[in-house]
Amino acid sequence: MMTHVRSGGESKMAAPMEVAVCTDSAAPMWSCIVWELHSGANLLTYRGGQAGPRGLALLNGEYLLAAQLGKNYISAWELQRKDQLQQKIMCPGPVTCLTTSPNGLYVLAGVAESIHLWEVSTGNLLVILSRHYQDVSCLQFTGDSSHFISGGKDCLVLAWSLCSVLQADPSRIPAPRHVWSHHTLPITDLHCGFGGPLARVATSSLDQTVKLWEVSSGELLLSVLFDVSIMAVTMDLAEHHMFCGGSEGSIFQVDLFTWPGQRERSFQPEQDTGKVFKGHRNQVTCLSVSTDGSVLLSGSHDETVRLWDVQSKQCIRTVALKGPVTNATILLAPVSMLSSDFRPSLPLPHFNKHLLGAEHGDEPRHGGLTLRLGLHQQGSESSYLDRTEQLQAVLCSTMEKSVLGGQDQLRVRVTELEDEVRNLRKINRDLFDFSTRFITRPAK
């Protein structure tokens with residue numbers, strides 16, 4: 001996203017600014033800090049609470065959301081009103097992870113072993129997915145918002161089609177498109193590359209492996225075994241490299257383009273000495289790569305965020321925080337983050353805590369108007385699949401009428417065809433009799 005700079009009465013286009021957004025579990029003075037990636041200058045701080053791991057998300061380039069560590073709510077700030085908490089999105093239990101769809105239409109949160117999906121425009125809780133058996137640890141949408149991926153402490157990674165989830169029969173439990181069960185210990189992190197439904201997904205686990213999957217086919221493309229548990233994983237934009245953060249503080253670089261056709265491999269640090277970033281003194285909790293792939297950002301339980309040069313593996317900046325780092329990500333700064341007079345295009349609605357909103361216990365909002373159209377038809381309205389079948393039946397009926405005519409014309413046509421069949425049978429018998437007489441007549 002481009003920023004505009006005015007100088008001498010002339011409007012110029014500046015290069016897009018990349019920022020680092022970081023949180024820690026202590027947060028004595030602020031909940032989240034934003035600093036310019038290359039200069040290290042502090043730009044913004046947001047106050048109010050402690051963001052949990054995998055619990056930070058940007059909504060539509062206008063709001064910052066943070067799942068509070070061990071709490072049952074999500075904090076929301078306008079990007080420019082950083083000292084004023086806009087809303088607390090209440091949830092039925094502690095929020096374990098959080099993400100938003102790139103198109104800005106949906107918010108997705110893990111609450112214990114369930115996944116909650118909200119519609120941003122209305123605040124309605126659309127669906128609760130309960131296919132994990134233990135806490136959901138990470139969530140992420142594909143770049144086109146058509147799918148989302150969930151990983152849990154039950155060692156499962158599930159790939160969901162958003163369309164299928166939204167159109168599912170309410171009487172049936174929505175099923176994921178793929179169930180990836182190759183990991184043997186809890187999932188610690190996942191990263192979804194670009195490509196929408198053709199994207200590749202990297203998953204890390206305490207079982208000391210990182211695996212690469214294909215969303216379209218569900219196929220396992222690659223499995224890499226390490227000597228330590230892997231706590232964080234990410235890829236560069238071109239997907240040339242995969243970066244894996246270890247439980248002892250090292251970061252390993254896996255070159256994806258050098259392994260054609262090889263599905264399983266062990267990473268040997270002594271053989272791949274030029275592929276290891278060393279500097280953290282405790283487990284790496286989060287990783288993020290700049291747009292051009294030249295810089296790597298890492299956060300750790302050693303209470304530091306480090307910026308690395310990917311080519312040389314050298315640390316070029318260290319930022320000390322006040323507690324173990326829970327989130328550290330690189331973003332292209334939206335216009336709303338750089339413009340002090342920017343305000344969101346639409347206010348953030350009240351997010352319902354229960355399915356169907358106030359009818360199941362949510363407090364109704366006062367001072368506003370809630371308009372619901374066709375409430376008497378809710379629950380009886382046909383689904384999109386039912387409408388498709390009805391449309392197909394109508395098309396078939398129309399086709400028959402256009403080709404064969406109405407019922408009266410159909411009966412006349414059937415009679416004509418029956419007469420024609422009788423005539424053809426008579427001609428066939430006559431030809432057979434003639435052939436028989438011609439063949440069996442005595443020779444002269």
# chains A, B, ... in the order shown; residues from 1 in each chain; ligands from 1

$ residues_around --residues "Glu113 (chain A)" --least-positions-apart "2" --cutoff "10 Å" --atoms "only C-alpha atoms" --output "MDAnalysis selection string"
chainID A and resid 95:96 110:111 115 129:137 152:154

$ write_last_selection --atoms "N, CA, C and O atoms" --output "PDB file, in the first residue's frame"
ATOM      1  N   VAL A  95      -9.160 -17.135  24.633  1.00  0.00           N
ATOM      2  CA  VAL A  95      -8.857 -17.160  23.208  1.00  0.00           C
ATOM      3  C   VAL A  95      -7.423 -17.647  23.018  1.00  0.00           C
ATOM      4  O   VAL A  95      -6.489 -17.063  23.568  1.00  0.00           O
ATOM      5  N   THR A  96      -7.246 -18.713  22.243  1.00  0.00           N
ATOM      6  CA  THR A  96      -5.930 -19.329  22.071  1.00  0.00           C
ATOM      7  C   THR A  96      -5.196 -18.834  20.830  1.00  0.00           C
ATOM      8  O   THR A  96      -3.969 -18.931  20.768  1.00  0.00           O
ATOM      9  N   GLY A 110      -9.658 -19.054  17.804  1.00  0.00           N
ATOM     10  CA  GLY A 110      -9.691 -20.334  18.490  1.00  0.00           C
ATOM     11  C   GLY A 110     -10.052 -20.112  19.944  1.00  0.00           C
ATOM     12  O   GLY A 110      -9.422 -19.305  20.634  1.00  0.00           O
ATOM     13  N   VAL A 111     -11.091 -20.798  20.406  1.00  0.00           N
ATOM     14  CA  VAL A 111     -11.529 -20.728  21.802  1.00  0.00           C
ATOM     15  C   VAL A 111     -11.515 -22.157  22.334  1.00  0.00           C
ATOM     16  O   VAL A 111     -12.393 -22.954  21.999  1.00  0.00           O
ATOM     17  N   ILE A 115     -13.451 -23.399  16.957  1.00  0.00           N
ATOM     18  CA  ILE A 115     -13.119 -22.273  16.083  1.00  0.00           C
ATOM     19  C   ILE A 115     -14.372 -21.438  15.894  1.00  0.00           C
ATOM     20  O   ILE A 115     -15.419 -21.963  15.478  1.00  0.00           O
ATOM     21  N   LEU A 129     -16.964 -24.236  14.906  1.00  0.00           N
ATOM     22  CA  LEU A 129     -16.451 -25.503  14.396  1.00  0.00           C
ATOM     23  C   LEU A 129     -15.746 -26.249  15.531  1.00  0.00           C
ATOM     24  O   LEU A 129     -14.883 -25.694  16.198  1.00  0.00           O
ATOM     25  N   SER A 130     -16.134 -27.491  15.733  1.00  0.00           N
ATOM     26  CA  SER A 130     -15.574 -28.287  16.834  1.00  0.00           C
ATOM     27  C   SER A 130     -15.067 -29.617  16.291  1.00  0.00           C
ATOM     28  O   SER A 130     -15.642 -30.670  16.555  1.00  0.00           O
ATOM     29  N   ARG A 131     -13.980 -29.546  15.521  1.00  0.00           N
ATOM     30  CA  ARG A 131     -13.404 -30.763  14.967  1.00  0.00           C
ATOM     31  C   ARG A 131     -12.024 -31.083  15.560  1.00  0.00           C
ATOM     32  O   ARG A 131     -11.471 -32.131  15.282  1.00  0.00           O
ATOM     33  N   HIS A 132     -11.470 -30.139  16.336  1.00  0.00           N
ATOM     34  CA  HIS A 132     -10.241 -30.435  17.065  1.00  0.00           C
ATOM     35  C   HIS A 132     -10.602 -31.056  18.416  1.00  0.00           C
ATOM     36  O   HIS A 132     -11.676 -30.788  18.973  1.00  0.00           O
ATOM     37  N   TYR A 133      -9.696 -31.873  18.937  1.00  0.00           N
ATOM     38  CA  TYR A 133      -9.945 -32.563  20.200  1.00  0.00           C
ATOM     39  C   TYR A 133      -9.243 -31.896  21.375  1.00  0.00           C
ATOM     40  O   TYR A 133      -9.549 -32.208  22.529  1.00  0.00           O
ATOM     41  N   GLN A 134      -8.299 -31.008  21.085  1.00  0.00           N
ATOM     42  CA  GLN A 134      -7.637 -30.209  22.112  1.00  0.00           C
ATOM     43  C   GLN A 134      -7.546 -28.773  21.609  1.00  0.00           C
ATOM     44  O   GLN A 134      -8.025 -28.454  20.529  1.00  0.00           O
ATOM     45  N   ASP A 135      -6.914 -27.899  22.393  1.00  0.00           N
ATOM     46  CA  ASP A 135      -6.890 -26.468  22.084  1.00  0.00           C
ATOM     47  C   ASP A 135      -6.358 -26.208  20.670  1.00  0.00           C
ATOM     48  O   ASP A 135      -5.392 -26.830  20.220  1.00  0.00           O
ATOM     49  N   VAL A 136      -7.002 -25.254  19.986  1.00  0.00           N
ATOM     50  CA  VAL A 136      -6.520 -24.777  18.688  1.00  0.00           C
ATOM     51  C   VAL A 136      -5.357 -23.829  18.956  1.00  0.00           C
ATOM     52  O   VAL A 136      -5.491 -22.873  19.721  1.00  0.00           O
ATOM     53  N   SER A 137      -4.203 -24.079  18.332  1.00  0.00           N
ATOM     54  CA  SER A 137      -3.007 -23.290  18.632  1.00  0.00           C
ATOM     55  C   SER A 137      -2.684 -22.249  17.571  1.00  0.00           C
ATOM     56  O   SER A 137      -1.989 -21.273  17.856  1.00  0.00           O
ATOM     57  N   GLY A 152      -3.746 -27.667  15.910  1.00  0.00           N
ATOM     58  CA  GLY A 152      -4.096 -27.804  17.310  1.00  0.00           C
ATOM     59  C   GLY A 152      -3.127 -28.648  18.110  1.00  0.00           C
ATOM     60  O   GLY A 152      -2.223 -29.286  17.563  1.00  0.00           O
ATOM     61  N   LYS A 153      -3.341 -28.673  19.411  1.00  0.00           N
ATOM     62  CA  LYS A 153      -2.532 -29.500  20.294  1.00  0.00           C
ATOM     63  C   LYS A 153      -2.854 -30.982  20.145  1.00  0.00           C
ATOM     64  O   LYS A 153      -2.173 -31.825  20.734  1.00  0.00           O
ATOM     65  N   ASP A 154      -3.895 -31.311  19.374  1.00  0.00           N
ATOM     66  CA  ASP A 154      -4.241 -32.703  19.105  1.00  0.00           C
ATOM     67  C   ASP A 154      -3.418 -33.290  17.962  1.00  0.00           C
ATOM     68  O   ASP A 154      -3.727 -34.379  17.474  1.00  0.00           O
TER      69      ASP A 154
END

$ residues_around --residues "Ala333 (chain A)" --least-positions-apart "6" --cutoff "8 Å" --atoms "only C-alpha atoms" --output "list of chain:residue names"
A:Met1, A:Pro16, A:Met17, A:Glu18, A:Val19

$ write_last_selection --atoms "N, CA and C atoms" --output "mmCIF file, in the first residue's frame"
data_model
loop_
_atom_site.group_PDB
_atom_site.id
_atom_site.type_symbol
_atom_site.label_atom_id
_atom_site.label_comp_id
_atom_site.auth_asym_id
_atom_site.auth_seq_id
_atom_site.Cartn_x
_atom_site.Cartn_y
_atom_site.Cartn_z
ATOM 1 N N MET A 1 0.842 -1.189 0.000
ATOM 2 C CA MET A 1 0.000 0.000 0.000
ATOM 3 C C MET A 1 0.875 1.237 0.000
ATOM 4 N N PRO A 16 6.462 2.100 -0.334
ATOM 5 C CA PRO A 16 5.678 1.545 0.774
ATOM 6 C C PRO A 16 6.561 1.287 1.978
ATOM 7 N N MET A 17 6.063 1.597 3.153
ATOM 8 C CA MET A 17 6.832 1.447 4.377
ATOM 9 C C MET A 17 6.494 0.122 5.039
ATOM 10 N N GLU A 18 7.533 -0.632 5.384
ATOM 11 C CA GLU A 18 7.343 -1.863 6.142
ATOM 12 C C GLU A 18 7.562 -1.575 7.616
ATOM 13 N N VAL A 19 6.686 -2.130 8.453
ATOM 14 C CA VAL A 19 6.773 -1.924 9.891
ATOM 15 C C VAL A 19 6.791 -3.274 10.588
#

$ residues_around --residues "Gly49 (chain A)" --least-positions-apart "5" --cutoff "9 Å" --atoms "only C-alpha atoms" --output "VMD selection string"
chain A and resid 27 to 28 30 to 31 66 68 to 69 75

$ write_last_selection --atoms "N, CA and C atoms" --output "tab-separated table (two decimals), in the first residue's frame"
chain	number	residue	atom	x	y	z
A	27	ALA	N	4.02	-6.63	28.99
A	27	ALA	CA	3.29	-5.42	28.60
A	27	ALA	C	3.00	-4.49	29.78
A	28	PRO	N	4.03	-4.00	30.51
A	28	PRO	CA	3.76	-3.11	31.64
A	28	PRO	C	3.29	-1.72	31.21
A	30	TRP	N	2.64	-0.88	27.57
A	30	TRP	CA	1.84	-0.91	26.36
A	30	TRP	C	1.56	-2.36	25.98
A	31	SER	N	0.53	-2.56	25.18
A	31	SER	CA	0.15	-3.90	24.76
A	31	SER	C	0.84	-4.30	23.47
A	66	ALA	N	-6.28	-7.95	19.14
A	66	ALA	CA	-5.33	-8.72	19.95
A	66	ALA	C	-6.10	-9.62	20.90
A	68	GLN	N	-6.37	-11.55	24.11
A	68	GLN	CA	-5.70	-11.32	25.40
A	68	GLN	C	-5.24	-12.62	26.04
A	69	LEU	N	-4.04	-12.61	26.53
A	69	LEU	CA	-3.40	-13.80	27.07
A	69	LEU	C	-4.18	-14.37	28.26
A	75	SER	N	-9.24	-7.67	22.25
A	75	SER	CA	-9.21	-6.21	22.27
A	75	SER	C	-9.14	-5.68	20.84

$ select_by_dssp --residues "region 69-235 of chain A" --states "helix (DSSP H, G or I)" --output "list of chain:residue names"
A:Leu162, A:Cys163, A:Ser164, A:Val165, A:Leu166, A:Gly196, A:Pro197, A:Leu198

$ atom_distance --atom1 "CA of Leu346 (chain A)" --atom2 "CA of Leu79 (chain A)"
13.2 Å

$ closest_residue --among "A:Asp207, A:Asp227, A:Asp341, A:Glu389" --to "Ser266 (chain A)" --atoms "only C-alpha atoms"
A:Asp227

$ select_by_dssp --residues "region 3-189 of chain A" --states "strand (DSSP E or B)" --output "NGL selection string"
:A and (3-7 or 10-14 or 18-24 or 32-36 or 42-46 or 51-59 or 63-68 or 73-78 or 85-90 or 95-100 or 106-111 or 114-119 or 125-129 or 136-141 or 147-152 or 157-161 or 178-180 or 187-189)

$ residues_around --residues "Ile128 (chain A)" --least-positions-apart "3" --cutoff "9 Å" --atoms "only C-alpha atoms" --output "list in words"
Ser114, Ile115, His116, Leu117, Leu125 and Leu355 of chain A

$ closest_residue --among "A:Val421, A:Ile330, A:Ala57, A:Leu185" --to "Val21 (chain A)" --atoms "only C-alpha atoms"
A:Ile330

$ residues_around --residues "Gly245 (chain A)" --least-positions-apart "3" --cutoff "12 Å" --atoms "only C-alpha atoms" --output "VMD selection string"
chain A and resid 188 to 190 203 to 206 208 to 210 226 to 235 242 248 to 254 276 to 280 282 to 288 296 to 301

$ write_last_selection --atoms "C-alpha atoms" --output "compact mmCIF listing (two decimals), in the first residue's frame"
# COMPACT_ATOMS: atom_id res chain seq x y z
CA THR A 188 3.18 -25.07 17.22
CA ASP A 189 2.82 -22.84 14.14
CA LEU A 190 1.72 -22.73 10.51
CA THR A 203 3.39 -26.60 9.62
CA SER A 204 5.72 -27.02 12.59
CA SER A 205 5.40 -29.31 15.58
CA LEU A 206 6.98 -30.43 18.82
CA GLN A 208 10.85 -31.92 15.57
CA THR A 209 9.48 -31.83 12.02
CA VAL A 210 8.28 -29.18 9.59
CA PHE A 226 15.42 -31.45 12.94
CA ASP A 227 17.36 -32.19 16.13
CA VAL A 228 15.09 -29.92 18.22
CA SER A 229 11.40 -29.07 18.47
CA ILE A 230 10.30 -26.38 16.02
CA MET A 231 8.23 -23.57 17.58
CA ALA A 232 7.76 -21.21 14.60
CA VAL A 233 7.80 -21.41 10.80
CA THR A 234 7.47 -19.00 7.87
CA MET A 235 8.40 -18.70 4.19
CA MET A 242 11.49 -21.86 4.70
CA GLU A 248 16.86 -23.78 21.83
CA GLY A 249 17.02 -20.42 20.03
CA SER A 250 18.45 -21.27 16.59
CA ILE A 251 16.69 -20.44 13.33
CA PHE A 252 17.17 -22.86 10.43
CA GLN A 253 16.90 -21.97 6.75
CA VAL A 254 15.58 -24.71 4.48
CA VAL A 276 21.60 -21.30 10.69
CA PHE A 277 20.84 -17.96 12.44
CA LYS A 278 22.34 -17.90 15.94
CA GLY A 279 21.77 -15.25 18.60
CA HIS A 280 18.62 -15.99 20.63
CA ASN A 282 15.75 -19.17 24.36
CA GLN A 283 13.08 -20.66 22.15
CA VAL A 284 12.01 -18.75 19.04
CA THR A 285 8.29 -18.00 19.21
CA CYS A 286 7.55 -16.12 15.96
CA LEU A 287 9.08 -15.44 12.55
CA SER A 288 8.29 -13.09 9.66
CA LEU A 296 13.99 -11.87 8.72
CA LEU A 297 12.25 -10.80 11.95
CA SER A 298 12.25 -13.13 14.96
CA GLY A 299 10.85 -13.01 18.48
CA SER A 300 11.93 -15.17 21.40
CA HIS A 301 11.30 -16.08 25.01

$ residues_around --residues "Thr258 (chain A)" --least-positions-apart "5" --cutoff "12 Å" --atoms "only C-alpha atoms" --output "list of chain:residue names"
A:Glu239, A:His240, A:His241, A:Met242, A:Arg263, A:Arg265

$ atom_distance --atom1 "CA of Leu139 (chain A)" --atom2 "CA of Trp77 (chain A)"
20.8 Å

$ residues_around --residues "region 160-177 of chain A" --least-positions-apart "5" --cutoff "8 Å" --atoms "only C-alpha atoms" --output "mmCIF file with all heavy atoms, in the first residue's frame"
data_model
loop_
_atom_site.group_PDB
_atom_site.id
_atom_site.type_symbol
_atom_site.label_atom_id
_atom_site.label_comp_id
_atom_site.auth_asym_id
_atom_site.auth_seq_id
_atom_site.Cartn_x
_atom_site.Cartn_y
_atom_site.Cartn_z
ATOM 1 N N LEU A 126 -21.240 -16.599 13.018
ATOM 2 C CA LEU A 126 -21.861 -17.406 11.965
ATOM 3 C C LEU A 126 -21.802 -18.892 12.246
ATOM 4 O O LEU A 126 -22.753 -19.624 11.955
ATOM 5 C CB LEU A 126 -21.171 -17.117 10.619
ATOM 6 C CG LEU A 126 -21.218 -15.671 10.126
ATOM 7 C CD1 LEU A 126 -20.504 -15.543 8.785
ATOM 8 C CD2 LEU A 126 -22.656 -15.186 9.998
ATOM 9 N N VAL A 127 -20.689 -19.352 12.792
ATOM 10 C CA VAL A 127 -20.547 -20.801 12.978
ATOM 11 C C VAL A 127 -19.492 -21.066 14.049
ATOM 12 O O VAL A 127 -18.593 -20.253 14.269
ATOM 13 C CB VAL A 127 -20.150 -21.489 11.632
ATOM 14 C CG1 VAL A 127 -18.752 -21.064 11.199
ATOM 15 C CG2 VAL A 127 -20.236 -23.004 11.723
ATOM 16 N N LEU A 129 -16.964 -24.236 14.906
ATOM 17 C CA LEU A 129 -16.451 -25.503 14.396
ATOM 18 C C LEU A 129 -15.746 -26.249 15.531
ATOM 19 O O LEU A 129 -14.883 -25.694 16.198
ATOM 20 C CB LEU A 129 -15.459 -25.262 13.258
ATOM 21 C CG LEU A 129 -15.999 -24.457 12.060
ATOM 22 C CD1 LEU A 129 -14.879 -24.119 11.100
ATOM 23 C CD2 LEU A 129 -17.100 -25.238 11.355
ATOM 24 N N ARG A 131 -13.980 -29.546 15.521
ATOM 25 C CA ARG A 131 -13.404 -30.763 14.967
ATOM 26 C C ARG A 131 -12.024 -31.083 15.560
ATOM 27 O O ARG A 131 -11.471 -32.131 15.282
ATOM 28 C CB ARG A 131 -13.294 -30.638 13.432
ATOM 29 C CG ARG A 131 -14.632 -30.697 12.728
ATOM 30 C CD ARG A 131 -15.351 -32.006 12.953
ATOM 31 N NE ARG A 131 -14.660 -33.131 12.354
ATOM 32 C CZ ARG A 131 -14.945 -33.629 11.172
ATOM 33 N NH1 ARG A 131 -15.931 -33.127 10.448
ATOM 34 N NH2 ARG A 131 -14.258 -34.651 10.690
ATOM 35 N N SER A 145 -8.743 -15.527 0.835
ATOM 36 C CA SER A 145 -9.809 -15.716 1.834
ATOM 37 C C SER A 145 -10.734 -16.888 1.510
ATOM 38 O O SER A 145 -11.790 -17.022 2.127
ATOM 39 C CB SER A 145 -10.661 -14.438 1.990
ATOM 40 O OG SER A 145 -9.863 -13.324 2.317
ATOM 41 N N SER A 146 -10.375 -17.756 0.571
ATOM 42 C CA SER A 146 -11.262 -18.862 0.202
ATOM 43 C C SER A 146 -11.136 -20.048 1.150
ATOM 44 O O SER A 146 -12.062 -20.849 1.272
ATOM 45 C CB SER A 146 -10.959 -19.326 -1.226
ATOM 46 O OG SER A 146 -9.651 -19.890 -1.314
ATOM 47 N N HIS A 147 -9.991 -20.190 1.810
ATOM 48 C CA HIS A 147 -9.751 -21.295 2.733
ATOM 49 C C HIS A 147 -9.088 -20.764 3.999
ATOM 50 O O HIS A 147 -8.513 -19.676 3.998
ATOM 51 C CB HIS A 147 -8.841 -22.363 2.111
ATOM 52 C CG HIS A 147 -9.448 -23.110 0.968
ATOM 53 N ND1 HIS A 147 -9.647 -22.540 -0.276
ATOM 54 C CD2 HIS A 147 -9.904 -24.391 0.880
ATOM 55 C CE1 HIS A 147 -10.199 -23.442 -1.080
ATOM 56 N NE2 HIS A 147 -10.359 -24.564 -0.414
ATOM 57 N N PHE A 148 -9.188 -21.533 5.071
ATOM 58 C CA PHE A 148 -8.390 -21.246 6.253
ATOM 59 C C PHE A 148 -7.872 -22.558 6.823
ATOM 60 O O PHE A 148 -8.446 -23.631 6.617
ATOM 61 C CB PHE A 148 -9.171 -20.434 7.297
ATOM 62 C CG PHE A 148 -10.414 -21.086 7.824
ATOM 63 C CD1 PHE A 148 -10.379 -21.928 8.939
ATOM 64 C CD2 PHE A 148 -11.643 -20.855 7.229
ATOM 65 C CE1 PHE A 148 -11.525 -22.521 9.433
ATOM 66 C CE2 PHE A 148 -12.809 -21.443 7.713
ATOM 67 C CZ PHE A 148 -12.754 -22.278 8.818
ATOM 68 N N ILE A 149 -6.745 -22.459 7.515
ATOM 69 C CA ILE A 149 -6.045 -23.619 8.050
ATOM 70 C C ILE A 149 -6.005 -23.500 9.567
ATOM 71 O O ILE A 149 -5.752 -22.421 10.106
ATOM 72 C CB ILE A 149 -4.606 -23.716 7.503
ATOM 73 C CG1 ILE A 149 -4.566 -23.434 5.994
ATOM 74 C CG2 ILE A 149 -4.006 -25.066 7.828
ATOM 75 C CD1 ILE A 149 -5.313 -24.415 5.150
ATOM 76 N N SER A 383 -31.348 -23.907 1.352
ATOM 77 C CA SER A 383 -29.934 -23.601 1.209
ATOM 78 C C SER A 383 -29.602 -23.360 -0.257
ATOM 79 O O SER A 383 -30.413 -23.591 -1.154
ATOM 80 C CB SER A 383 -29.096 -24.763 1.751
ATOM 81 O OG SER A 383 -29.272 -25.902 0.932
ATOM 82 N N TYR A 384 -28.371 -22.919 -0.496
ATOM 83 C CA TYR A 384 -27.932 -22.701 -1.871
ATOM 84 C C TYR A 384 -27.920 -24.000 -2.664
ATOM 85 O O TYR A 384 -28.211 -24.015 -3.853
ATOM 86 C CB TYR A 384 -26.546 -22.055 -1.874
ATOM 87 C CG TYR A 384 -26.545 -20.602 -1.467
ATOM 88 C CD1 TYR A 384 -26.095 -20.207 -0.221
ATOM 89 C CD2 TYR A 384 -27.029 -19.619 -2.327
ATOM 90 C CE1 TYR A 384 -26.114 -18.876 0.172
ATOM 91 C CE2 TYR A 384 -27.037 -18.283 -1.949
ATOM 92 C CZ TYR A 384 -26.578 -17.921 -0.710
ATOM 93 O OH TYR A 384 -26.593 -16.600 -0.325
#

$ closest_residue --among "A:Lys71, A:Arg81, A:His38, A:Arg425" --to "Ser339 (chain A)" --atoms "only C-alpha atoms"
A:Arg81
